[in-house]
Amino acid sequence: MTTPAPESFIENSLLQGDNFRITPITPRLVRLEWSPSGTFEDRPSVFATNRELRDESARVSETATGVRVETDHYVLDYDRGEFSANGLSLSVLGGVSNYHSIWRYQQDLSLPAHRTARREGRTTRPLDGNLGGATRTLDEADGAVDLDPGVNSTYGYADIDDSGSMVFGPDGELQARGAEPGSVDLYVFAAGRDHVAAVRDLFALSGPQPLLPRWALGNWWSRYHRYTEESYLELMDRFEDEGVPLSVAVIDMDWHLTDVDPVYGSGWTGYTWDPELFPDPARFQQALHDRGLRVTLNDHPADGVRAFEELYEKVAEAMGRKADGAAVEFDPTDPGFLRAYLEVLHRGLEELGTDFWWLDWQSGPYSKVPGMDPLWVLNHVQYEDTRKQNGDGLLLSRYAGPGSHRYPVGFSGDAVISWKSLAFQPRMTAAAANIGYGWWSHDIGGHMGGYWDDELATRWVQFGVFSPILRLHSSSSRFTGKEPWMFPEPAHAVMVEQLRLRHRLVPYLHAMNRRAHREGRSLVEPTYFEDTSIEAYVYRDQYLFGSELLVAPIVRPVDRTTRLAVAEAWLPAGRWTDVTTGISYRGGRLASLHRDVSSIPVLLRAGGFLPLVAEGESLDIRETTPALEVLVAGGADGTFTLAEETEPGTWVETVFSLDIEAGRLTIEPATGDGPPARTTWELSLLGFGRGAADNLKARGAEIQSVTTADGRVRVRLVGAGTEPVVLEGAGLGTTGPGDVLGQVETVLRGAAIGYFTKDLLFAQLERDGAAALSSVAAYGTVPVFTPEDVEHGHPTPELVAALTELLLAES
């Protein structure tokens, strides 16, 4: 606790009384404090690190009943008494027009059934419209779990209770707050439906998401398995032979001694490499580095440092105690232990080649010091130590509450292998943006339990490609491995192609990584961050993936007749083009998107640009400026800035723009330190009209080739220099639906219906297009010619829906 705040912090005396303090932080964020003793907390907390932030534009006035604070976004009324629902309220302004937009202190919006449940001790949540945030773990979860609240709500307000959070001392050390009983420290967010603004206020108060190292954006291999040095390196070479690039090697707990004398306890905690498995840890990790991989080791620190560990005597000496055989107890509340833990124990292991740590620890928040959460402490000190040592701050650990976004990456835990688990992970990942926790690493493919399903495994990998961190993982069961070659075709081939796609996406991912850090965004965000239509709040299994893409993962099995699975999605206003099929869709509507096992719906917004590593180029993560293929979607003007880190901390930017009225696509020269020497650009034009390839002209480069296929135009430009490259043609202002008839043929080819029926359907759809849908939907209008057609003759509703998607995509 501190003494009352200096006068410089509170310019208007109406905002502070004997027991209260009100601090406008931004025009959408206010801090509310109540102290029985009249003292207030000014030390930065783990949530609120920027205590100096103030909204100087807030208007303060005295009312007949107390004090009023007004901004352009809220009106707060307070009666100067102990906080209560009657005496403290905040009305959200601007676009949230119902009575629920009035926040009251500790108001109860629950239905009677919820109140009864709470009285009986059952878990429930008030109906405050909160859109959710993150959760500590998915361990053993088979489907959805409750999420902790975020700063966004359908009612336009949300609050974060900071009353019990740990604080930072004068030297930056974490301390228990020691709040007096009855004290309140509350932050109220009043952003209405401007969800992006709410999260930006969160970052302003709590600090930004760090910039991830580029190598973290590739494929991670992880498995709980008793590898040897030889078997692990052979596995890495097998991935290379399969054409699957990797960037991070995760070594789960069996790297250390696990079969220990029971006198020491269990073998989960350990810091001594198992010499039978890894006789030379430095050699092993150097071999991984030589293959372009970063290395992380799993750490379960709960049992401390015991006498059998190689570094036991050094740790005991660092703690100022004798190495008498008694364990050095794990105690993150002890600064002396933390120093020994980092500077002796972990440093000794890092000198052998370990790049960062996987803290597999979710217990707490209990410790010897009430109010000290061991997970929070470990996340903070380990992340900062890694950043100090090698410049790349990275940690794999669990979410510990608001403010955890400063310590990426989040490990979501040991989920069950099931469709229900997969179905929850996209919506969980998107919701985490509501608390600024943008960098999730799930166990892609699931960890344990469940059953063998190659289709499920394939869909999970496809979601992983379009998730923040792709880390394949599984349990120690010999049957749960996620190596692509363990699966039959077509799952094997699709997984390989998708894992290659992840590395092709790295130029886009790293540009979005920088955007997230600089602009207060997350790589994955709910659709309602951009479109606040009612449907956007209902359809939460889809999400925005960076500034250019909308992704709708497939989380349900294929239909037996169509051999297609469906994602029900809400398409925001505008035009969206699938980057795989090339089909364009009108937005502002619901859409049933059908896909076979080879892809999921990934839609590029009109006027959007998607930079990919060009086909045939190296997918080694160390290649910082590979040749690129840039996908461009027609239908609207657009601008995109490609930011590339050519060396650590050195960035160059290339700006792409599309002007459809002028029929012009421009690539500006790269700016920054050490711009990439690209003289060739590969452009793939999606969603343009049939004449897009006609009469194209270029300035600043020569058109080497123009090809068209599958509803897209490919243009190769050669000779780019220091001047802008301009591609011009009237067709760049046109739009087209893509190869709809080709996709119709693909759908019919895979459908389990009679061949005569397929021929009749295709002929009718080829002739009449969408006008034929009404007769196709009427089952009795399709003749039956053979006995086989009696069972398989008529199009099912699922097949009609798949054909309707294509033929009415732009309607």
# chains A, B, ... in the order shown; residues from 1 in each chain; ligands from 1
>>> select_by_dssp(residues="segment 587-752 of chain A", states="strand (DSSP E or B)", output="number ranges by chain")
A: 589-595, 602-605, 609-613, 628-633, 638-647, 650-659, 664-667, 671-672, 680-686, 697-699, 702-709, 712-718, 725-728
>>> closest_atom_pairs(of="segment 162-280 of chain A", to="segment 374-385 of chain A", cutoff="10 Å", atoms="only C-alpha atoms", output="Markdown table")
| residue | atom | partner | partner_atom | distance |
| --- | --- | --- | --- | --- |
| A:Met166 | CA | A:Trp376 | CA | 8.9 |
| A:Glu173 | CA | A:Val381 | CA | 9.0 |
| A:Leu174 | CA | A:Val377 | CA | 7.0 |
| A:Gln175 | CA | A:Val377 | CA | 9.3 |
>>> closest_residue(among="A:Val369, A:Leu761, A:Leu15, A:Leu53", to="Gly66 of chain A", atoms="only C-alpha atoms")
A:Leu15
>>> select_by_dssp(residues="segment 489-629 of chain A", states="helix (DSSP H, G or I)", output="PyMOL selection string")
chain A and resi 491-504+506-519+527-529+534-538
>>> residues_around(residues="Ser477 of chain A", least_positions_apart="5", cutoff="9 Å", atoms="only C-alpha atoms", output="list in words")
Tyr224, His225 and Met448 of chain A
>>> residues_around(residues="segment 466-476 of chain A", least_positions_apart="2", cutoff="7 Å", atoms="only C-alpha atoms", output="JSON, numbers by chain")
{"A": [217, 219, 220, 221, 222, 223, 224, 225, 439, 440, 441, 442, 443, 444, 445, 446, 447, 448, 462, 463, 464, 478, 480, 481, 482, 523, 524]}
>>> write_last_selection(atoms="N, CA and C atoms", output="mmCIF file, in the first residue's frame")
data_model
loop_
_atom_site.group_PDB
_atom_site.id
_atom_site.type_symbol
_atom_site.label_atom_id
_atom_site.label_comp_id
_atom_site.auth_asym_id
_atom_site.auth_seq_id
_atom_site.Cartn_x
_atom_site.Cartn_y
_atom_site.Cartn_z
ATOM 1 N N LEU A 217 7.330 -19.101 -35.823
ATOM 2 C CA LEU A 217 6.120 -19.147 -36.639
ATOM 3 C C LEU A 217 6.056 -20.363 -37.559
ATOM 4 N N ASN A 219 6.747 -24.760 -38.116
ATOM 5 C CA ASN A 219 6.192 -25.980 -37.530
ATOM 6 C C ASN A 219 7.040 -26.448 -36.348
ATOM 7 N N TRP A 220 6.354 -26.763 -35.243
ATOM 8 C CA TRP A 220 7.022 -27.324 -34.069
ATOM 9 C C TRP A 220 6.719 -28.816 -33.991
ATOM 10 N N TRP A 221 7.756 -29.626 -33.711
ATOM 11 C CA TRP A 221 7.516 -31.041 -33.443
ATOM 12 C C TRP A 221 7.613 -31.298 -31.946
ATOM 13 N N SER A 222 6.585 -31.931 -31.393
ATOM 14 C CA SER A 222 6.548 -32.204 -29.964
ATOM 15 C C SER A 222 5.835 -33.533 -29.757
ATOM 16 N N ARG A 223 6.383 -34.335 -28.834
ATOM 17 C CA ARG A 223 5.705 -35.578 -28.451
ATOM 18 C C ARG A 223 6.237 -36.043 -27.103
ATOM 19 N N TYR A 224 5.323 -36.485 -26.247
ATOM 20 C CA TYR A 224 5.715 -37.112 -24.992
ATOM 21 C C TYR A 224 6.136 -38.535 -25.325
ATOM 22 N N HIS A 225 7.441 -38.748 -25.465
ATOM 23 C CA HIS A 225 7.942 -40.023 -25.978
ATOM 24 C C HIS A 225 9.382 -40.204 -25.512
ATOM 25 N N TRP A 439 -1.155 -15.396 -28.572
ATOM 26 C CA TRP A 439 -0.239 -16.427 -29.067
ATOM 27 C C TRP A 439 -0.466 -17.754 -28.349
ATOM 28 N N TRP A 440 -1.424 -18.529 -28.857
ATOM 29 C CA TRP A 440 -1.729 -19.837 -28.302
ATOM 30 C C TRP A 440 -0.978 -20.935 -29.049
ATOM 31 N N SER A 441 -0.518 -21.924 -28.293
ATOM 32 C CA SER A 441 0.026 -23.156 -28.862
ATOM 33 C C SER A 441 -0.789 -24.315 -28.323
ATOM 34 N N HIS A 442 -1.641 -24.890 -29.162
ATOM 35 C CA HIS A 442 -2.443 -26.047 -28.765
ATOM 36 C C HIS A 442 -1.692 -27.337 -29.085
ATOM 37 N N ASP A 443 -2.102 -28.419 -28.445
ATOM 38 C CA ASP A 443 -1.633 -29.742 -28.844
ATOM 39 C C ASP A 443 -2.357 -30.116 -30.129
ATOM 40 N N ILE A 444 -1.740 -29.794 -31.259
ATOM 41 C CA ILE A 444 -2.402 -30.037 -32.540
ATOM 42 C C ILE A 444 -2.504 -31.543 -32.780
ATOM 43 N N GLY A 445 -3.736 -31.982 -32.958
ATOM 44 C CA GLY A 445 -4.035 -33.397 -33.073
ATOM 45 C C GLY A 445 -4.546 -33.998 -31.787
ATOM 46 N N GLY A 446 -4.462 -33.223 -30.679
ATOM 47 C CA GLY A 446 -4.908 -33.738 -29.397
ATOM 48 C C GLY A 446 -3.834 -34.539 -28.699
ATOM 49 N N HIS A 447 -3.933 -34.612 -27.362
ATOM 50 C CA HIS A 447 -2.860 -35.226 -26.577
ATOM 51 C C HIS A 447 -3.158 -36.669 -26.194
ATOM 52 N N MET A 448 -4.348 -36.951 -25.691
ATOM 53 C CA MET A 448 -4.561 -38.260 -25.074
ATOM 54 C C MET A 448 -6.017 -38.689 -25.228
ATOM 55 N N GLN A 462 -5.003 -28.842 -40.302
ATOM 56 C CA GLN A 462 -5.425 -27.693 -41.110
ATOM 57 C C GLN A 462 -5.762 -26.494 -40.246
ATOM 58 N N PHE A 463 -6.425 -26.725 -39.108
ATOM 59 C CA PHE A 463 -6.631 -25.628 -38.175
ATOM 60 C C PHE A 463 -5.298 -25.121 -37.643
ATOM 61 N N GLY A 464 -4.373 -26.044 -37.335
ATOM 62 C CA GLY A 464 -3.073 -25.644 -36.819
ATOM 63 C C GLY A 464 -2.315 -24.725 -37.755
ATOM 64 N N ARG A 478 2.037 -45.538 -28.222
ATOM 65 C CA ARG A 478 2.684 -45.835 -29.505
ATOM 66 C C ARG A 478 1.752 -45.589 -30.682
ATOM 67 N N THR A 480 -0.536 -42.870 -30.947
ATOM 68 C CA THR A 480 -1.071 -41.506 -31.086
ATOM 69 C C THR A 480 -0.111 -40.546 -31.781
ATOM 70 N N GLY A 481 0.988 -41.039 -32.307
ATOM 71 C CA GLY A 481 1.944 -40.162 -32.971
ATOM 72 C C GLY A 481 1.325 -39.402 -34.125
ATOM 73 N N LYS A 482 1.791 -38.166 -34.349
ATOM 74 C CA LYS A 482 1.242 -37.301 -35.398
ATOM 75 C C LYS A 482 2.143 -37.201 -36.629
ATOM 76 N N LEU A 523 -3.072 -12.029 -33.915
ATOM 77 C CA LEU A 523 -3.093 -12.713 -35.211
ATOM 78 C C LEU A 523 -4.469 -13.295 -35.479
ATOM 79 N N VAL A 524 -5.060 -13.923 -34.463
ATOM 80 C CA VAL A 524 -6.407 -14.488 -34.564
ATOM 81 C C VAL A 524 -7.359 -13.629 -33.749
#
>>> residues_around(residues="segment 703-710 of chain A", least_positions_apart="3", cutoff="10 Å", atoms="only C-alpha atoms", output="count of residues only")
34
>>> closest_residue(among="A:Arg54, A:Glu70, A:Arg406, A:Met236", to="Thr23 of chain A", atoms="only C-alpha atoms")
A:Arg54
